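As stored in target.txt (compact mmCIF, C-alpha atoms):
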# COMPACT_ATOMS: atom_id res chain seq x y z
CA MET A 1 211.03 144.20 69.00
CA ILE A 2 212.87 141.60 66.94
CA PHE A 3 211.31 138.86 69.07
CA GLY A 4 207.86 140.27 68.35
CA TYR A 5 208.57 140.10 64.61
CA ILE A 6 209.85 136.54 64.96
CA LEU A 7 206.70 135.48 66.82
CA ALA A 8 204.42 137.13 64.25
CA MET A 9 206.20 135.36 61.39
CA THR A 10 206.09 132.09 63.36
CA ALA A 11 202.31 132.43 63.67
CA ILE A 12 201.95 132.64 59.87
CA VAL A 13 204.36 129.79 59.18
CA PHE A 14 202.80 127.51 61.79
CA LEU A 15 199.29 128.30 60.56
CA SER A 16 200.30 127.33 57.00
CA ARG A 17 201.69 124.01 58.25
CA TYR A 18 198.90 123.14 60.66
CA LEU A 19 195.67 124.53 59.17
CA PHE A 20 194.54 121.52 57.15
CA LEU A 21 195.75 119.02 59.75
CA GLU A 22 192.97 120.25 62.05
CA PRO A 23 190.08 117.75 61.96
CA LYS A 24 187.57 120.42 63.09
CA LEU A 25 188.21 122.36 59.89
CA PRO A 26 185.02 121.59 57.96
CA ILE A 27 186.41 120.43 54.65
CA LYS A 28 186.06 117.01 53.14
CA LEU A 29 188.55 116.06 50.46
CA GLY A 30 186.73 114.46 47.56
CA VAL A 31 188.15 111.83 45.23
CA ARG A 32 189.14 114.47 42.66
CA THR A 33 190.98 116.61 45.22
CA GLN A 34 192.81 113.54 46.51
CA LYS A 35 193.84 112.66 42.95
CA LEU A 36 195.04 116.21 42.34
CA LEU A 37 196.98 116.26 45.61
CA ALA A 38 198.74 113.03 44.67
CA TYR A 39 200.78 115.19 42.27
CA SER A 40 201.78 117.75 44.91
CA SER A 41 205.00 116.03 45.96
CA PRO A 42 206.67 115.76 42.51
CA ALA A 43 205.30 119.20 41.58
CA VAL A 44 206.56 121.19 44.57
CA LEU A 45 209.89 119.40 44.94
CA THR A 46 210.64 119.92 41.23
CA ALA A 47 209.56 123.57 41.42
CA ILE A 48 212.16 123.97 44.19
CA TRP A 49 215.08 122.23 42.47
CA GLY A 50 214.36 123.57 38.96
CA PRO A 51 215.43 127.17 39.59
CA ILE A 52 218.45 126.08 41.68
CA VAL A 53 219.76 124.06 38.71
CA PHE A 54 218.79 126.26 35.77
CA MET A 55 219.14 129.65 37.42
CA PRO A 56 222.25 129.80 39.59
CA GLU A 57 222.90 133.43 40.64
CA SER A 58 219.18 134.06 39.83
CA GLU A 59 219.95 134.25 36.08
CA LEU A 60 218.92 131.70 33.46
CA MET A 61 222.07 129.74 32.56
CA LEU A 62 221.57 127.20 29.77
CA THR A 63 225.26 126.91 28.97
CA ALA A 64 227.91 124.18 29.02
CA ASN A 65 229.78 125.83 31.92
CA ASN A 66 226.82 125.52 34.31
CA ALA A 67 228.13 123.10 36.96
CA TYR A 68 224.64 122.79 38.48
CA LEU A 69 223.23 121.50 35.19
CA TRP A 70 225.86 118.80 34.64
CA ALA A 71 225.68 117.62 38.23
CA ALA A 72 221.85 117.57 38.08
CA VAL A 73 221.93 115.37 34.94
CA LEU A 74 224.29 113.02 36.78
CA ALA A 75 222.00 113.02 39.84
CA ALA A 76 218.96 112.22 37.68
CA LEU A 77 220.78 109.29 36.00
CA LEU A 78 222.03 107.94 39.35
CA ALA A 79 218.59 108.28 40.95
CA TRP A 80 216.96 106.53 38.00
CA LYS A 81 219.44 103.63 37.97
CA THR A 82 220.09 103.14 41.72
CA LYS A 83 216.99 104.63 43.44
CA ASN A 84 219.38 105.36 46.34
CA VAL A 85 218.95 108.86 47.78
CA LEU A 86 222.13 108.99 49.88
CA LEU A 87 224.39 107.59 47.14
CA THR A 88 222.89 109.94 44.54
CA THR A 89 223.28 112.98 46.79
CA VAL A 90 226.85 112.25 47.88
CA ILE A 91 228.24 111.43 44.42
CA SER A 92 226.52 114.25 42.56
CA MET A 93 227.43 116.76 45.28
CA GLY A 94 231.08 115.68 45.09
CA VAL A 95 231.11 116.04 41.31
CA PHE A 96 229.32 119.38 41.61
CA LEU A 97 231.85 120.83 44.07
CA TYR A 98 234.72 119.70 41.86
CA LEU A 99 233.13 121.26 38.75
CA ASN A 100 232.09 124.45 40.54
CA LEU A 101 235.24 125.13 42.58
CA GLU A 102 237.92 123.68 40.25
CA TRP A 103 236.91 122.84 36.68
CA PHE A 104 234.92 125.93 35.78
CA GLN A 105 237.13 128.37 37.70
CA MET B 8 199.26 105.47 70.01
CA ILE B 9 198.87 101.69 70.10
CA THR B 10 202.38 101.19 68.75
CA GLU B 11 204.63 99.06 71.01
CA PRO B 12 207.54 100.98 72.57
CA SER B 13 210.16 98.88 70.78
CA SER B 14 208.58 99.29 67.38
CA ALA B 15 208.10 103.01 68.11
CA SER B 16 211.82 103.54 68.66
CA ARG B 17 212.62 101.37 65.65
CA LEU B 18 210.34 103.47 63.47
CA PHE B 19 211.79 106.67 64.96
CA PHE B 20 215.27 105.47 64.04
CA LYS B 21 214.20 104.45 60.53
CA GLY B 22 212.73 107.90 60.02
CA THR B 23 215.93 109.53 61.27
CA LEU B 24 217.91 107.40 58.83
CA ALA B 25 215.64 108.18 55.87
CA MET B 26 216.05 111.89 56.62
CA LEU B 27 219.84 111.69 57.06
CA PRO B 28 220.81 112.72 53.50
CA LEU B 29 218.57 115.79 53.82
CA SER B 30 219.81 116.52 57.35
CA ILE B 31 223.38 116.51 56.06
CA ALA B 32 222.48 118.53 52.99
CA VAL B 33 220.93 121.23 55.16
CA LEU B 34 223.99 121.68 57.41
CA PRO B 35 225.67 124.36 55.26
CA TRP B 36 222.37 126.27 55.19
CA GLY B 37 222.06 126.06 58.95
CA LEU B 38 225.61 127.40 59.26
CA LEU B 39 224.70 130.21 56.90
CA ALA B 40 221.49 131.00 58.84
CA GLY B 41 223.56 131.28 62.03
CA SER B 42 226.43 133.35 60.69
CA PHE B 43 224.09 135.60 58.69
CA ALA B 44 222.13 136.38 61.89
CA ILE B 45 225.31 137.75 63.46
CA ASP B 46 226.22 139.54 60.18
CA VAL B 47 222.95 141.49 60.12
CA GLY B 48 223.42 142.46 63.76
CA LEU B 49 220.97 140.17 65.56
CA HIS B 50 221.64 139.04 69.13
CA PRO B 51 222.85 135.39 69.20
CA LEU B 52 219.65 134.43 71.05
CA GLU B 53 217.52 136.03 68.33
CA GLY B 54 219.52 134.16 65.70
CA GLN B 55 218.95 130.85 67.47
CA ALA B 56 215.28 131.67 68.11
CA LEU B 57 214.72 132.04 64.36
CA SER B 58 215.82 128.43 63.88
CA ALA B 59 214.22 127.09 67.07
CA ILE B 60 210.82 128.81 66.82
CA LEU B 61 210.28 129.90 63.21
CA PHE B 62 212.12 126.84 61.85
CA ALA B 63 211.76 127.75 58.17
CA GLY B 64 215.03 128.12 56.27
CA ALA B 65 213.92 130.24 53.32
CA ALA B 66 211.73 132.51 55.46
CA GLN B 67 214.57 132.94 57.98
CA LEU B 68 217.11 134.03 55.37
CA VAL B 69 214.67 136.47 53.80
CA ALA B 70 213.60 137.78 57.24
CA MET B 71 217.20 138.49 58.21
CA GLY B 72 217.78 140.36 54.96
CA MET B 73 214.71 142.43 55.79
CA PHE B 74 215.83 143.06 59.39
CA LYS B 75 219.05 144.39 57.90
CA ALA B 76 217.16 146.58 55.41
CA GLY B 77 214.85 147.80 58.19
CA ALA B 78 211.64 146.59 56.54
CA GLY B 79 208.31 147.16 58.28
CA LEU B 80 206.23 144.44 59.94
CA THR B 81 203.53 144.40 57.23
CA THR B 82 206.07 143.91 54.42
CA MET B 83 207.75 141.12 56.38
CA LEU B 84 204.49 139.32 57.08
CA ILE B 85 203.31 139.52 53.45
CA THR B 86 206.66 138.22 52.23
CA THR B 87 206.56 135.44 54.84
CA PHE B 88 203.08 134.51 53.66
CA PHE B 89 204.24 134.11 50.04
CA ILE B 90 207.29 132.08 51.03
CA THR B 91 205.34 129.84 53.38
CA SER B 92 202.25 129.35 51.20
CA ARG B 93 203.53 126.02 49.86
CA HIS B 94 203.08 124.62 53.37
CA PHE B 95 199.29 124.94 52.95
CA LEU B 96 199.70 122.46 50.12
CA TYR B 97 201.73 120.12 52.35
CA SER B 98 199.23 120.23 55.18
CA ILE B 99 196.27 119.57 52.89
CA SER B 100 198.17 116.68 51.27
CA MET B 101 198.94 115.21 54.70
CA ARG B 102 195.41 115.82 56.03
CA ASP B 103 194.08 112.26 55.69
CA LYS B 104 197.25 110.90 57.35
CA ILE B 105 197.73 113.34 60.26
CA SER B 106 194.29 114.81 61.08
CA PRO B 107 192.96 111.56 62.70
CA LEU B 108 195.87 111.61 65.19
CA PRO B 109 195.61 113.07 68.73
CA LEU B 110 196.26 116.80 69.20
CA ARG B 111 199.83 116.43 70.50
CA TRP B 112 200.78 114.47 67.38
CA ARG B 113 199.08 116.95 65.07
CA LEU B 114 200.78 119.96 66.67
CA THR B 115 204.19 118.29 66.70
CA LEU B 116 204.11 116.93 63.15
CA GLY B 117 202.53 120.21 61.95
CA PHE B 118 205.36 122.21 63.47
CA LEU B 119 207.91 119.86 61.87
CA LEU B 120 206.25 119.86 58.42
CA THR B 121 209.08 121.27 56.30
CA ASP B 122 209.91 120.74 52.62
CA GLU B 123 212.20 117.95 53.76
CA LEU B 124 209.61 116.13 55.90
CA PHE B 125 207.11 116.43 53.07
CA ALA B 126 209.73 115.02 50.69
CA ILE B 127 210.06 111.97 52.97
CA CYS B 128 206.37 111.43 53.84
CA GLY B 129 204.40 113.14 51.04
CA ASN B 130 204.42 110.07 48.79
CA GLN B 131 203.32 107.66 51.49
CA SER B 132 199.80 106.26 51.37
CA LYS B 133 197.62 106.40 54.47
CA ASP B 134 198.55 102.78 55.26
CA GLN B 135 202.27 103.34 54.82
CA PHE B 136 202.31 106.45 57.00
CA GLN B 137 203.71 105.91 60.53
CA PRO B 138 203.67 108.79 63.06
CA TRP B 139 206.84 107.61 64.83
CA TYR B 140 208.69 107.35 61.52
CA ALA B 141 207.60 110.88 60.61
CA LEU B 142 208.59 112.11 64.08
CA GLY B 143 212.06 110.56 63.75
CA ALA B 144 212.51 112.18 60.36
CA GLY B 145 211.14 115.58 61.43
CA LEU B 146 212.73 115.86 64.87
CA SER B 147 216.19 114.71 63.80
CA PHE B 148 216.06 117.26 60.99
CA TYR B 149 215.07 119.94 63.51
CA LEU B 150 218.07 119.08 65.68
CA PHE B 151 220.51 119.12 62.74
CA TRP B 152 219.16 122.50 61.64
CA ASN B 153 219.47 124.02 65.12
CA ILE B 154 222.93 122.61 65.85
CA ALA B 155 224.16 123.92 62.49
CA THR B 156 222.66 127.33 63.30
CA LEU B 157 224.41 127.34 66.69
CA ILE B 158 227.74 126.52 65.07
CA GLY B 159 227.13 129.27 62.52
CA ILE B 160 226.41 131.77 65.31
CA VAL B 161 229.50 130.79 67.29
CA ALA B 162 231.86 130.42 64.34
CA GLY B 163 230.46 133.52 62.64
CA SER B 164 232.37 134.20 59.47
CA VAL B 165 235.14 131.70 60.12
CA ILE B 166 234.47 130.07 56.75
CA PRO B 167 234.71 132.97 54.30
CA GLY B 168 232.70 132.86 51.10
CA LEU B 169 230.64 129.87 52.25
CA ASN B 170 227.66 131.24 50.33
CA GLN B 171 229.69 131.24 47.10
CA TRP B 172 230.40 127.51 47.12
CA GLY B 173 226.98 126.71 45.67
CA LEU B 174 226.06 124.44 48.55
CA GLU B 175 222.37 124.82 47.68
CA PHE B 176 223.06 122.17 45.04
CA ALA B 177 222.80 119.63 47.89
CA ILE B 178 219.09 120.50 48.15
CA ALA B 179 218.61 120.09 44.40
CA ALA B 180 220.50 116.77 44.38
CA THR B 181 218.39 115.35 47.21
CA PHE B 182 215.09 116.42 45.71
CA ILE B 183 216.11 115.02 42.31
CA ALA B 184 217.02 111.76 44.05
CA ILE B 185 213.57 111.63 45.68
CA VAL B 186 211.50 112.71 42.66
CA ILE B 187 213.08 110.78 39.73
CA PRO B 188 212.31 107.26 41.03
CA THR B 189 208.64 108.24 41.58
CA ILE B 190 208.16 108.93 37.84
CA LYS B 191 206.31 105.73 37.04
CA ASN B 192 203.67 106.92 34.57
CA LEU B 193 202.91 109.61 32.01
CA PRO B 194 200.90 111.96 34.30
CA ILE B 195 203.76 112.13 36.83
CA LEU B 196 206.28 112.69 34.04
CA CYS B 197 204.12 115.56 32.72
CA THR B 198 203.85 116.99 36.25
CA VAL B 199 207.62 116.99 36.72
CA LEU B 200 208.37 118.46 33.29
CA SER B 201 205.77 121.20 33.62
CA ALA B 202 206.90 122.04 37.19
CA LEU B 203 210.39 122.45 35.77
CA VAL B 204 209.37 124.70 32.87
CA LEU B 205 206.86 126.73 34.92
CA SER B 206 209.12 127.30 37.92
CA VAL B 207 212.09 128.39 35.81
CA THR B 208 209.92 130.61 33.58
CA LEU B 209 208.06 132.31 36.44
CA GLU B 210 211.28 132.74 38.42
CA HIS B 211 212.92 134.26 35.34
CA LEU B 212 209.99 136.68 35.00
CA LYS B 213 210.44 137.44 38.74
CA VAL B 214 206.82 136.61 39.54
CA GLU B 215 206.09 136.92 43.27
CA GLY B 216 205.04 133.53 44.65
CA SER B 217 206.37 131.71 41.57
CA LEU B 218 206.93 128.51 43.54
CA ILE B 219 203.32 128.05 44.56
CA PHE B 220 201.93 129.00 41.12
CA ALA B 221 204.34 126.63 39.35
CA SER B 222 203.44 123.82 41.77
CA ILE B 223 199.68 124.18 41.40
CA GLY B 224 199.98 124.53 37.60
CA ALA B 225 202.04 121.35 37.39
CA MET B 226 199.60 119.45 39.62
CA LEU B 227 196.69 120.47 37.39
CA ILE B 228 198.57 119.33 34.28
CA GLY B 229 199.30 115.93 35.85
CA TYR B 230 195.65 115.59 36.86
CA LEU B 231 194.42 116.58 33.37
CA VAL B 232 196.72 114.09 31.66
CA GLU B 233 195.50 111.36 34.02
CA ASN B 234 191.87 112.17 33.18
CA LEU B 235 192.46 112.35 29.41
CA ARG B 236 194.14 108.96 29.46
CA GLY B 237 191.42 107.52 31.70
CA GLU B 238 188.68 108.53 29.26
CA ARG B 239 190.44 106.90 26.34
CA ALA B 240 191.06 103.63 28.16

Take the structure in the file and give it back as C-alpha cells.
Amino acid sequence: MIFGYILAMTAIVFLSRYLFLEPKLPIKLGVRTQKLLAYSSPAVLTAIWGPIVFMPESELMLTANNAYLWAAVLAALLAWKTKNVLLTTVISMGVFLYLNLEWFQ
Amino acid sequence: MITEPSSASRLFFKGTLAMLPLSIAVLPWGLLAGSFAIDVGLHPLEGQALSAILFAGAAQLVAMGMFKAGAGLTTMLITTFFITSRHFLYSISMRDKISPLPLRWRLTLGFLLTDELFAICGNQSKDQFQPWYALGAGLSFYLFWNIATLIGIVAGSVIPGLNQWGLEFAIAATFIAIVIPTIKNLPILCTVLSALVLSVTLEHLKVEGSLIFASIGAMLIGYLVENLRGERA
C-alpha cells in the first residue's frame, strides 16, 4: 500500500517537473512571459530561504538572539563581496553552528 | 548530442563541482529523510524508494509525517501538489533550454529538476545552458541525496537531536550565496525584497501554498518595475 502511495505522489511530482519541458505541449512563450520568467530564480530561491532565516521554529523571530539572522547577514555580505558559493556557505554555516549550538545556548 | 565525449565528461564534472556546495548542504537532510523513515515505521526499502523514486526532499518529509498520522490518499496527493507546484515554474522557465532536446534528455533532466538544479541552471541563458553540465549537477546531487538517505536508514537515530541543530541553515546559506550576486539592477532587487517580505508574511499567516504565491507575486513586482523604468527611459 505504501508503495502505491509513493508511486501516486511520484506521478504528481514528476508531472510538475516535466510538463512544460514537453515540446508537444501547445504553448508558445511570448516575450513578456520570458521577461517575467527571468525573475523566477531570485523569486523562488528567496521565498525558500526567507522563512528559514526569519522564522526558525515556524515563528517570526526578529530578535538579536536569532542565530539564523546573523549568519544570513554574514552570508549576504560574503556572497556580495566574494561571489563564491562554496566559501560563503562553509563560513556562514560554521558561524551559524557556533552561534546556534554555543553562543545562544 | 553533438558534444565530443571528452568535452561531455568535462562538462559533467564541472556541473558536479558547481553542485558540490548544495550536495554537501543537503547531506544532513538526506540523513534525516532516512532516519525519519525508520522512525515512522516504514520498511527500509520504502524509505529508500522515497528518495530514489519520489526524489523530493520537502514532499518526502511531509509524506512520512502523513504516513505516521495515517492520512488518506487524497489528502496526501493534494498536499503533494501544493508542495511540488513550484516545479511547474521551474519547468516553464527551463522550457526553451530543455524542450528542444531528445526525449531521453528531457525525461532525465525533468526527473532531476529540483530546487538545487534550478538554482544552478535557472539563471543560464539558452546559449550558456549545457545538457551535460546540467546532468552532472543533477545526477551527482541525486547520488548524494540517496547515499545520505541510506546512511540515515542504516544509522537510524545514532545522531540524537540532529533535527535540532538547525542544519536547514545550510540551504538558506547556499541560496543566499546564489541569489545575492545576481542582484545587478533595480527590478531584481525589488523581486528579492518582495519575495522576502511576501514569503515571511504568508508563512506567518499560515497560508497554504505560501511559497508559490510569494514567488509569483515577487516575479510580477520585478516585471512591473522593469516596465515602469523602461517607459521612462

### Message
If the cut-off is 6 Å, can you tell me the residues of chain A near chain B, counting all atoms listed in the file? I'd like them as a PyMOL selection string.
### Response
chain A and resi 10+13+16-18+20-23+36-37+39-44+46-47+49-51+79-80+83+85-86+89

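With atom CA of B:Leu68 on one side and atom CA of A:Ala75 on the other, the separation reads 26.6 Å.
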
### Query
How far is it from atom CA of B:Leu146 to atom CA of B:Val69, in Å with one decimal?
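Separation between atom CA of B:Leu146 and atom CA of B:Val69: 23.5 Å.
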
### Message
So that I can check the surroundings of stretch 61-72 of chain A, please list as a VMD selection string every protein, DNA and RNA residue that reaches within 9 Å of it, counting only C-alpha atoms and ignoring chain neighbours fewer than 5 positions away.
### Response
(chain A and resid 52 to 56 77 92 to 100 103 to 104) or (chain B and resid 173 176 179 to 180 183)

### Pairwise distance for atom CA of B:Asn153 and atom CA of A:Val90, rounded to one decimal in Å
22.1 Å

#### Entry: Exercise: B:Ser147 partners within 10 Å, only C-alpha atoms, chain neighbours under 4 positions left out, as number ranges by chain
B: 19-20, 22-24, 26-27, 30, 119, 141-143, 151-153

#### Entry: Proximity to B:Pro51 - best of B:Val161, B:Ala78, B:Ala155, B:Leu39, all atoms listed in the file
B:Val161

### Query
So which one's closest to B:Met73, B:Ala59, B:Val33, B:Ala44, B:Ala144? Using all atoms listed in the file, please.
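Ranked by minimum distance to B:Met73, first place goes to B:Ala44.
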
### From B:Val214, B:Leu193, B:Leu157, B:Val47, residue lying nearest B:Pro35 [all atoms listed in the file]
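Of the candidates, the smallest distance to B:Pro35 is held by B:Leu157.
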
Enclosing box along x, y and z for every listed atom of stretch 134-138 of chain B, padded 5 Å each side, centre and size in Å, one decimal, as AutoDock Vina command-line options:
--center_x 201.1 --center_y 105.8 --center_z 58.9 --size_x 15.2 --size_y 16.0 --size_z 18.2
